Amino acid sequence: MRLDIVILAATLLCAALLARPALARLPLWRATVTPLASIIGSGFLVLGPVLGTSYGAYAPVAMALLCLGAWLIGSAVRFNITRLETTAGRRTATEERLDMAASWALSFAYVISVTYYLNLFGSFGVSLTPLHESLHARLLTSAVLCVILVVGWTWGFRALEGLEQVSVTVKLAVIAGLLAGLVLHFGDTAATGGLKFDPAKVTGWSAVTLGFGLIVTVQGFETSRYLGATYDARTRIRSMALAQIIATVIYLAYIGLVSYDLVMPSGKLTETAIIGMMAQIAPVLPVLLVVAALSAQFSAAIADTSGCGGLVEEETRRRIPERHAYVLLVVIGLLLTWSSGVFEIISYASRAFALYYALQAMVAAVGARAQGRTGKAAGFALMALAAAAVTLFGTPAEG
């Protein structure tokens with residue numbers, strides 16, 4: 001009962017703070033919300049069980065490395081934002097060609113990420129019902145994909161754009177409550193000497209490739225790159241860095257508390273394993289998590305569907321309208337939903353985004369070389385190679 005009260009109080013307090021009009025009016029916060037919502041969205045639902053089960057006591061190290069990799073790639077994207085600003089869009093032909101390839105890669109990554117988000121939506125949607133099994137989760141995912149196609153084809157997504165701010169508030173408020181509960185539970189466990197230090201189950205090259213397959217869980221910072229119509233370059237750069245810093249602090253606290261305190265799932269790992277883990281803390285947490293998951297995954301899917309359609313229309317110079325891109329997205333989404341497990345789709349999404357990051361790092365390398373900054377160019381080239389390795393070798397968690 002004590003933990004339930006603390007969790008609910010922390011959730012409501014955070015929601016009240018985030019809903020304040022004064023905060024919503026701050027340009028830097030508004031610009032930070034979009035990348036922050038993407039970074040800590042679905043990742044928060046799957047990372048605890050996956051990292052804790054796979055890496056044991058080394059899970060916080062794996063989380064830190066994921067965040068470090070995201071920060072380094074983010075530095076390349078931030079460099080590209082600055083480069084566009086300082087050259088007034090007049091970059092070298094090689095940069096332009098690579099950037100176009102990156103846009104196509106991002107469009108493809110969006111297709112898979114929408115499928116990933118909605119498969120999590122389906123799994124969490126049936127998780128607390130008697131229909132909690134893969135068939136009904138896939139049916140729910142398929143139904144939502146079809147609804148998105150109908151809405152996008154008929155009306156577009158303008159009517160749903162306001163959902164993002166609401167979902168971010170709900171998600172961050174639930175995370176605040178969850179962390180408050182974890183801190184108290186961790187303290188109680190530590191006081192009785194019950195903290196655990198599990199050995200890693202995945203080691204060596206397998207541990208590396210599993211980490212590669214989880215890149216999508218810290219993805220989303222790149223959305224700042226495409227907010228130029230609303231915010232200036234300086235605000236977008238600062239907001240991206242701020243979103244990554246906040247997400248890193250949240251993720252490291254979360255994984256650190258979970259790894260040494262809670263009992264990890266036994267047997268087959270599922271995408272909704274976090275619900276059972278959080279039930280160890282307080283009965284109210286599973287319900288809050290499902291509410292946050294449904295809100296966050298649906299709004300993220302809408303945002304990425306819209307982004308995919310816009311990119312395809314832009315890159316084809318309007319030869320392919322947005323709504324035609326939605327049809328292709330839904331068809332691929334349905335095929336992936338019925339042919340792959342959620343952890344496989346997470347791995348596919350990670351590899352698709354890694355290809356985009358490799359191309360962005362190559363753009364940065366060419367741009368830095370054009371400025372005569374050979375050391376920086378070499379660093380970006382190494383990032384491109386690392387991202388390419390993720391694309392080639394990322395593997396899914398064992399479900």
# chains A, B, ... in the order shown; residues from 1 in each chain; ligands from 1

$ residues_around --residues "Ile148 of chain A" --least-positions-apart "6" --cutoff "10 Å" --atoms "only C-alpha atoms" --output "PDB file with N, CA, C and O atoms, in the first residue's frame"
ATOM      1  N   SER A 142      -2.968  -5.918 -36.349  1.00  0.00           N
ATOM      2  CA  SER A 142      -3.449  -5.839 -37.736  1.00  0.00           C
ATOM      3  C   SER A 142      -4.628  -4.884 -37.849  1.00  0.00           C
ATOM      4  O   SER A 142      -4.723  -4.101 -38.813  1.00  0.00           O
ATOM      5  N   THR A 154      -7.909   8.706 -45.815  1.00  0.00           N
ATOM      6  CA  THR A 154      -9.138   9.498 -45.905  1.00  0.00           C
ATOM      7  C   THR A 154      -8.977  10.925 -45.400  1.00  0.00           C
ATOM      8  O   THR A 154      -9.369  11.883 -46.069  1.00  0.00           O
ATOM      9  N   GLY A 156      -5.922  12.031 -43.365  1.00  0.00           N
ATOM     10  CA  GLY A 156      -4.603  12.445 -42.910  1.00  0.00           C
ATOM     11  C   GLY A 156      -4.556  12.376 -41.392  1.00  0.00           C
ATOM     12  O   GLY A 156      -5.528  11.978 -40.738  1.00  0.00           O
ATOM     13  N   PHE A 157      -3.434  12.802 -40.831  1.00  0.00           N
ATOM     14  CA  PHE A 157      -3.242  12.615 -39.389  1.00  0.00           C
ATOM     15  C   PHE A 157      -3.285  13.913 -38.591  1.00  0.00           C
ATOM     16  O   PHE A 157      -2.923  13.938 -37.422  1.00  0.00           O
ATOM     17  N   PHE A 298       0.833   3.989 -29.838  1.00  0.00           N
ATOM     18  CA  PHE A 298      -0.071   4.456 -30.880  1.00  0.00           C
ATOM     19  C   PHE A 298       0.387   5.815 -31.417  1.00  0.00           C
ATOM     20  O   PHE A 298       0.444   6.026 -32.633  1.00  0.00           O
ATOM     21  N   ALA A 301       3.503   5.418 -33.511  1.00  0.00           N
ATOM     22  CA  ALA A 301       3.190   4.833 -34.817  1.00  0.00           C
ATOM     23  C   ALA A 301       2.592   5.871 -35.759  1.00  0.00           C
ATOM     24  O   ALA A 301       2.933   5.917 -36.955  1.00  0.00           O
ATOM     25  N   ILE A 302       1.713   6.727 -35.234  1.00  0.00           N
ATOM     26  CA  ILE A 302       1.125   7.796 -36.051  1.00  0.00           C
ATOM     27  C   ILE A 302       2.211   8.742 -36.548  1.00  0.00           C
ATOM     28  O   ILE A 302       2.265   9.113 -37.726  1.00  0.00           O
ATOM     29  N   THR A 305       4.375   6.977 -39.194  1.00  0.00           N
ATOM     30  CA  THR A 305       3.620   6.782 -40.437  1.00  0.00           C
ATOM     31  C   THR A 305       3.557   8.080 -41.221  1.00  0.00           C
ATOM     32  O   THR A 305       3.799   8.115 -42.440  1.00  0.00           O
ATOM     33  N   TYR A 326       1.403   5.117 -47.420  1.00  0.00           N
ATOM     34  CA  TYR A 326       0.746   4.468 -46.281  1.00  0.00           C
ATOM     35  C   TYR A 326       0.316   3.048 -46.631  1.00  0.00           C
ATOM     36  O   TYR A 326       0.386   2.138 -45.798  1.00  0.00           O
ATOM     37  N   VAL A 327      -0.144   2.846 -47.867  1.00  0.00           N
ATOM     38  CA  VAL A 327      -0.562   1.507 -48.295  1.00  0.00           C
ATOM     39  C   VAL A 327       0.619   0.545 -48.233  1.00  0.00           C
ATOM     40  O   VAL A 327       0.514  -0.565 -47.687  1.00  0.00           O
ATOM     41  N   VAL A 330       1.552  -0.281 -44.603  1.00  0.00           N
ATOM     42  CA  VAL A 330       0.634  -1.202 -43.931  1.00  0.00           C
ATOM     43  C   VAL A 330       0.793  -2.620 -44.473  1.00  0.00           C
ATOM     44  O   VAL A 330       0.766  -3.593 -43.701  1.00  0.00           O
TER      45      VAL A 330
END

$ closest_atom_pairs --of "segment 2-78 of chain A" --to "segment 184-195 of chain A" --cutoff "12 Å" --atoms "only C-alpha atoms" --output "tab-separated table"
residue	atom	partner	partner_atom	distance
A:Arg2	CA	A:Leu184	CA	9.6
A:Leu3	CA	A:Leu184	CA	7.5
A:Asp4	CA	A:Leu184	CA	10.9
A:Ile5	CA	A:Leu184	CA	11.7
A:Val6	CA	A:Leu184	CA	8.9
A:Ile7	CA	A:Leu184	CA	9.7
A:Ala57	CA	A:Leu195	CA	10.6

$ residues_around --residues "Leu18 of chain A" --least-positions-apart "3" --cutoff "12 Å" --atoms "only C-alpha atoms" --output "JSON list (two decimals) with C-alpha atoms, in the first residue's frame"
[["chain", "number", "residue", "atom", "x", "y", "z"],
["A", 11, "THR", "CA", 2.89, 9.98, -11.27],
["A", 12, "LEU", "CA", 0.28, 12.67, -10.57],
["A", 13, "LEU", "CA", 2.90, 15.22, -9.50],
["A", 14, "CYS", "CA", 4.96, 14.69, -12.65],
["A", 15, "ALA", "CA", 1.81, 14.87, -14.82],
["A", 21, "PRO", "CA", 1.15, 25.93, -19.71],
["A", 22, "ALA", "CA", 4.33, 27.79, -18.74],
["A", 23, "LEU", "CA", 6.42, 24.71, -19.56],
["A", 24, "ALA", "CA", 4.55, 24.06, -22.81],
["A", 25, "ARG", "CA", 5.36, 27.61, -23.93],
["A", 26, "LEU", "CA", 9.13, 27.15, -23.61],
["A", 29, "TRP", "CA", 11.13, 22.14, -24.05],
["A", 30, "ARG", "CA", 8.70, 21.90, -26.96],
["A", 33, "VAL", "CA", 9.62, 16.66, -26.34],
["A", 165, "GLN", "CA", 1.85, 15.92, -26.25],
["A", 166, "VAL", "CA", -0.71, 13.94, -24.22],
["A", 167, "SER", "CA", 1.15, 10.65, -24.69],
["A", 168, "VAL", "CA", 4.47, 12.22, -23.69],
["A", 169, "THR", "CA", 2.92, 13.57, -20.50],
["A", 170, "VAL", "CA", 1.36, 10.19, -19.67],
["A", 171, "LYS", "CA", 4.54, 8.29, -20.47],
["A", 172, "LEU", "CA", 6.91, 10.54, -18.47],
["A", 173, "ALA", "CA", 4.48, 10.65, -15.55],
["A", 174, "VAL", "CA", 4.27, 6.84, -15.42],
["A", 176, "ALA", "CA", 8.40, 9.02, -12.76]]

$ residues_around --residues "segment 382-387 of chain A" --least-positions-apart "2" --cutoff "7 Å" --atoms "only C-alpha atoms" --output "ChimeraX atom specification"
/A:73,354-355,357-359,361-362,378-380,389-391

$ write_last_selection --atoms "C-alpha atoms" --output "short mmCIF file (atom, residue, chain, number, x, y, z; two decimals), in the first residue's frame"
data_model
loop_
_atom_site.label_atom_id
_atom_site.label_comp_id
_atom_site.auth_asym_id
_atom_site.auth_seq_id
_atom_site.Cartn_x
_atom_site.Cartn_y
_atom_site.Cartn_z
CA ILE A 73 25.82 9.19 -33.77
CA ALA A 354 21.68 1.77 -38.22
CA LEU A 355 21.83 2.03 -42.02
CA TYR A 357 22.89 6.44 -39.08
CA ALA A 358 25.75 5.08 -41.20
CA LEU A 359 24.68 7.33 -44.07
CA ALA A 361 27.78 9.73 -40.38
CA MET A 362 29.11 9.52 -43.95
CA ALA A 378 38.03 10.38 -39.61
CA GLY A 379 35.94 10.14 -36.44
CA PHE A 380 32.70 10.37 -38.38
CA ALA A 389 28.47 -3.24 -38.58
CA VAL A 390 25.21 -2.90 -36.63
CA THR A 391 23.28 -3.15 -39.90
#

$ closest_residue --among "A:Val291, A:Leu28, A:Leu98, A:Ile255" --to "Gly367 of chain A" --atoms "only C-alpha atoms"
A:Leu98

$ residues_around --residues "Trp104 of chain A" --least-positions-apart "2" --cutoff "12 Å" --atoms "only C-alpha atoms" --output "ChimeraX atom specification"
/A:97-102,106-111,307-316,352-353,355-357,359-360

$ atom_distance --atom1 "atom CA of Ala76 of chain A" --atom2 "atom CA of Ser224 of chain A"
12.5 Å

$ closest_residue --among "A:Pro396, A:Ala93, A:Ile237, A:Ser42" --to "Thr223 of chain A" --atoms "only C-alpha atoms"
A:Ile237

$ residues_around --residues "Met240 of chain A" --least-positions-apart "3" --cutoff "9 Å" --atoms "only C-alpha atoms" --output "list in words"
Ala31, Thr32, Pro35, Leu36, Gly74, Arg78, Phe221, Glu222, Thr223, Ser224, Arg225, Thr235, Arg236, Ile237, Ala243, Gln244 and Ile245 of chain A

$ atom_distance --atom1 "atom CA of Ser127 of chain A" --atom2 "atom CA of Val290 of chain A"
8.0 Å

$ closest_residue --among "A:Asp304, A:Glu95, A:Glu344, A:Glu271" --to "Gly220 of chain A" --atoms "only C-alpha atoms"
A:Asp304

$ closest_residue --among "A:Leu8, A:Ala300, A:Val183, A:Leu178" --to "Asp261 of chain A" --atoms "only C-alpha atoms"
A:Val183

$ residues_around --residues "Arg369 of chain A" --least-positions-apart "4" --cutoff "12 Å" --atoms "only C-alpha atoms" --output "ChimeraX atom specification"
/A:83,91-92,94-95,362-365,373-381

$ atom_distance --atom1 "atom CA of Leu68 of chain A" --atom2 "atom CA of Thr82 of chain A"
21.0 Å

$ closest_residue --among "A:Thr248, A:Thr270, A:Thr217, A:Gln297" --to "Gly43 of chain A" --atoms "only C-alpha atoms"
A:Thr217

$ closest_residue --among "A:Phe197, A:Trp155, A:Phe124, A:Trp71" --to "Tyr58 of chain A" --atoms "only C-alpha atoms"
A:Phe197

$ decode --residues "segment 349-369 of chain A" --atoms "N, CA, C and O atoms" --output "short mmCIF file (atom, residue, chain, number, x, y, z; two decimals), in the first residue's frame"
data_model
loop_
_atom_site.label_atom_id
_atom_site.label_comp_id
_atom_site.auth_asym_id
_atom_site.auth_seq_id
_atom_site.Cartn_x
_atom_site.Cartn_y
_atom_site.Cartn_z
N ALA A 349 14.33 -3.38 -37.07
CA ALA A 349 14.24 -1.93 -36.95
C ALA A 349 15.60 -1.33 -36.58
O ALA A 349 16.00 -0.29 -37.10
N SER A 350 16.31 -2.00 -35.67
CA SER A 350 17.63 -1.52 -35.27
C SER A 350 18.57 -1.48 -36.47
O SER A 350 19.32 -0.51 -36.66
N ARG A 351 18.53 -2.52 -37.27
CA ARG A 351 19.44 -2.59 -38.43
C ARG A 351 19.05 -1.55 -39.48
O ARG A 351 19.92 -0.96 -40.14
N ALA A 352 17.75 -1.31 -39.63
CA ALA A 352 17.31 -0.29 -40.60
C ALA A 352 17.74 1.11 -40.16
O ALA A 352 18.24 1.91 -40.97
N PHE A 353 17.57 1.42 -38.87
CA PHE A 353 18.01 2.72 -38.39
C PHE A 353 19.52 2.84 -38.41
O PHE A 353 20.07 3.93 -38.63
N ALA A 354 20.22 1.73 -38.16
CA ALA A 354 21.68 1.77 -38.22
C ALA A 354 22.16 2.14 -39.62
O ALA A 354 23.16 2.85 -39.78
N LEU A 355 21.48 1.64 -40.65
CA LEU A 355 21.83 2.03 -42.02
C LEU A 355 21.66 3.53 -42.21
O LEU A 355 22.52 4.20 -42.81
N TYR A 356 20.56 4.07 -41.70
CA TYR A 356 20.35 5.52 -41.77
C TYR A 356 21.47 6.26 -41.03
O TYR A 356 22.00 7.25 -41.54
N TYR A 357 21.83 5.77 -39.85
CA TYR A 357 22.89 6.44 -39.08
C TYR A 357 24.24 6.36 -39.79
O TYR A 357 25.04 7.30 -39.75
N ALA A 358 24.50 5.21 -40.44
CA ALA A 358 25.75 5.08 -41.20
C ALA A 358 25.82 6.13 -42.30
O ALA A 358 26.86 6.78 -42.51
N LEU A 359 24.70 6.33 -42.99
CA LEU A 359 24.68 7.33 -44.07
C LEU A 359 24.80 8.75 -43.52
O LEU A 359 25.50 9.59 -44.10
N GLN A 360 24.15 9.03 -42.38
CA GLN A 360 24.29 10.35 -41.76
C GLN A 360 25.73 10.61 -41.32
O GLN A 360 26.25 11.72 -41.47
N ALA A 361 26.38 9.58 -40.78
CA ALA A 361 27.78 9.73 -40.38
C ALA A 361 28.68 9.95 -41.60
O ALA A 361 29.66 10.71 -41.54
N MET A 362 28.35 9.30 -42.72
CA MET A 362 29.11 9.52 -43.95
C MET A 362 28.92 10.94 -44.46
O MET A 362 29.87 11.58 -44.93
N VAL A 363 27.69 11.46 -44.38
CA VAL A 363 27.43 12.85 -44.74
C VAL A 363 28.31 13.78 -43.90
O VAL A 363 28.94 14.71 -44.40
N ALA A 364 28.35 13.51 -42.59
CA ALA A 364 29.16 14.33 -41.67
C ALA A 364 30.64 14.22 -42.01
O ALA A 364 31.38 15.22 -41.95
N ALA A 365 31.10 13.02 -42.34
CA ALA A 365 32.52 12.83 -42.67
C ALA A 365 32.90 13.63 -43.92
O ALA A 365 33.94 14.30 -43.95
N VAL A 366 32.04 13.58 -44.94
CA VAL A 366 32.31 14.34 -46.17
C VAL A 366 32.27 15.84 -45.89
O VAL A 366 33.11 16.61 -46.37
N GLY A 367 31.30 16.27 -45.08
CA GLY A 367 31.19 17.68 -44.75
C GLY A 367 32.38 18.18 -43.95
O GLY A 367 32.90 19.28 -44.20
N ALA A 368 32.83 17.38 -42.98
CA ALA A 368 34.00 17.77 -42.17
C ALA A 368 35.26 17.84 -43.04
O ALA A 368 36.10 18.74 -42.87
N ARG A 369 35.37 16.91 -43.97
CA ARG A 369 36.54 16.92 -44.87
C ARG A 369 36.51 18.16 -45.77
O ARG A 369 37.55 18.77 -46.04
#
